[in-house]
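S.K.: Let me give you the structure first, and then I'll get to my questions.
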Amino acid sequence: MANEIKYGDLIHLQNGYNDWAGGYLDTNGHRPAPAKYGVSTADTPTRGPGTGTWEVLSAEGKADGTAVISGGVIYLRNLYQDDGGYLDTNGHASDDQKRSGGRYDVSTSPGKDRGEGTGRWRIFAQTSSPTDQAVRLGDVLLLWNLYGSGSFLETNSTAGPGLYDVCTNAYFNRAADVTLWKALTAEA
C-alpha cells in the first residue's frame, strides 16, 4: 500500500493534545552531554531545517524499505543539520511532570542507544486500513520507550523554547490525548 510507513522513511510527528493542537515533535536547543538536543513540540513541522523531521529506522535489523508493523521496535533519527541525534530518554521528568505520572525527560542522543533501551521505541497504531498490522501515515500512534519498565512519549507542560515539553509517562493518555501522535509525510 502506498500509505505504509517503511524503514528509512522521513516523517513528522503531530501530537494529539487538545484536538491535534499539541504541535510537532522537534529538536530545540543544545543539551549537555550525554544528550545532544532538547526535544519539545513546535507550531510547525518545519520550525528550522530538519528540526521536525525524523527518519524511521529498525531496531530489530529490518531492512530499509520494509513496512513498519504495529508493535515493532524503532529508532527515530532527527535530521537537524543531517545529524540531530536519536530520540532518547535521558534523566528524570521535572517535578511538575512527575505529579501527573511523568517518568523521564526526552532529548536526542548522538548514538542509537545511549543506555539500554533509552533510544528504542515500540510503535503501536490504534488501527489502520486495511487491518493488516502495517502502520500508515495518518494512523493514531503510541510510542512506548523501552528503557527500564517502559513509558509512553507525551507532551507535558509548556516548554521554554517550544510549544510543549516532551517527556515519557507511565500512563497511557493521562489527559486530552497527550500520548497520541500521527505520522505525516516529510520531505528530505
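Order determines the names: the first chain of the C-alpha cells is A, the second B, and so forth; residues in each chain are numbered 1 upward, and ligands are numbered 1 upward as they are shown.
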So which residues touch Ser109 (chain A) within 7 Å, counting only C-alpha atoms, skipping near sequence neighbours fewer than 4 positions away, as a list in words?

M.R.: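 Near Ser109 (chain A), the qualifying residues are Pro34, Ala35, Lys36, Gly85, Tyr86, Leu87, Asp88 and Arg114 of chain A.
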
S.K.: Just list as a PyMOL selection string whatever in region 38-141 of chain A DSSP marks as strand (DSSP E).

M.R.: chain A and resi 38-42+54-58+73-78+85-92+102-109+121-125+140-141

S.K.: Using only C-alpha atoms, which residue out of A:Ser70, A:Asn145, A:Ser157, A:Thr179 lies closest to Asp132 (chain A)?

M.R.: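 Closest candidate: A:Ser70.
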
S.K.: For Asn3 (chain A), work out the shell of residues within 10 Å, counting only C-alpha atoms and skipping chain neighbours fewer than 5 positions away, then give it as a PyMOL selection string.

M.R.: chain A and resi 129+134-139+185

S.K.: Would you please extract all helix (DSSP H, G or I) residues from region 1-178 of chain A, as assigned by DSSP on the backbone, and give them as a ChimeraX atom specification?

M.R.: /A:17-20,80-82,95-98

S.K.: Expressed in Å to a single decimal, how great is the separation between CA of Leu153 (chain A) and CA of Ala21 (chain A)?

M.R.: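 These atoms are spaced 16.0 Å apart.
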
S.K.: Which of these, A:His92, A:Lys62, A:His12, A:Arg103, has the shortest distance to Ser149 (chain A) once you count only C-alpha atoms?

M.R.: A:Arg103

S.K.: Name the closest residue to Thr158 (chain A) among the candidates A:Thr89, A:Gly22, A:Trp181, A:Ala175; distances are taken between atoms, counting only C-alpha atoms.

M.R.: A:Gly22

S.K.: From the set A:Asn173, A:Gln133, A:Thr44, A:Ser107, which residue has the shortest atom-to-atom contact distance to Gly72 (chain A), counting only C-alpha atoms?

M.R.: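 The answer is A:Gln133, which sits nearest to Gly72 (chain A).
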
S.K.: Residues at most 8 Å from Ala176 (chain A), counting only C-alpha atoms, excluding those fewer than 3 positions away in the same chain, as a VMD selection string?

M.R.: chain A and resid 16 to 19 173

S.K.: Quick one, how far is CA of Arg47 (chain A) from CA of Asp113 (chain A)?

M.R.: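 For CA of Arg47 (chain A) relative to CA of Asp113 (chain A), the distance reads 26.3 Å.
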
S.K.: Can you list, as a tab-separated table (two decimals) with C-alpha atoms, in the first residue's frame, every protein, DNA or RNA residue that comes within 9 Å of Pro45 (chain A) when you count only C-alpha atoms, leaving out same-chain residues fewer than 6 positions away?

M.R.:
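Result written to selection_36.tsv:
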chain	number	residue	atom	x	y	z
A	12	HIS	CA	6.79	14.46	11.04
A	13	LEU	CA	5.03	13.51	14.29
A	14	GLN	CA	2.00	15.58	15.29
A	23	GLY	CA	2.45	20.65	17.95
A	24	TYR	CA	5.09	18.68	16.09
A	25	LEU	CA	7.96	16.73	17.66
A	26	ASP	CA	11.02	18.95	17.30
A	51	THR	CA	14.26	20.05	13.34
A	52	GLY	CA	10.85	18.40	12.98
A	53	THR	CA	11.88	15.65	10.55
A	186	ALA	CA	8.13	14.70	5.34

S.K.: Taking only C-alpha atoms into account, which of A:Leu10, A:Leu142, A:Val106, A:Ile69 comes nearest Val56 (chain A)?

M.R.: A:Leu10

S.K.: Identify which of the residues A:Asn28, A:Thr155, A:Lys182, A:Thr41 lies closest to Ser128 (chain A), counting only C-alpha atoms when measuring atom-to-atom distances.

M.R.: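 Closest candidate: A:Lys182.
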
S.K.: Which polymer residues have any atom within 7 Å of an atom of Ala170 (chain A), counting only C-alpha atoms, with same-chain residues fewer than 3 positions away left out, as an MDAnalysis selection string?

M.R.: chainID A and resid 101:103 151:152

S.K.: Would you compute the distance between CA of Ile74 (chain A) and CA of Trp121 (chain A)? Give it in Å to one decimal.

M.R.: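 CA of Trp121 (chain A) lies at a distance of 5.3 Å from CA of Ile74 (chain A).
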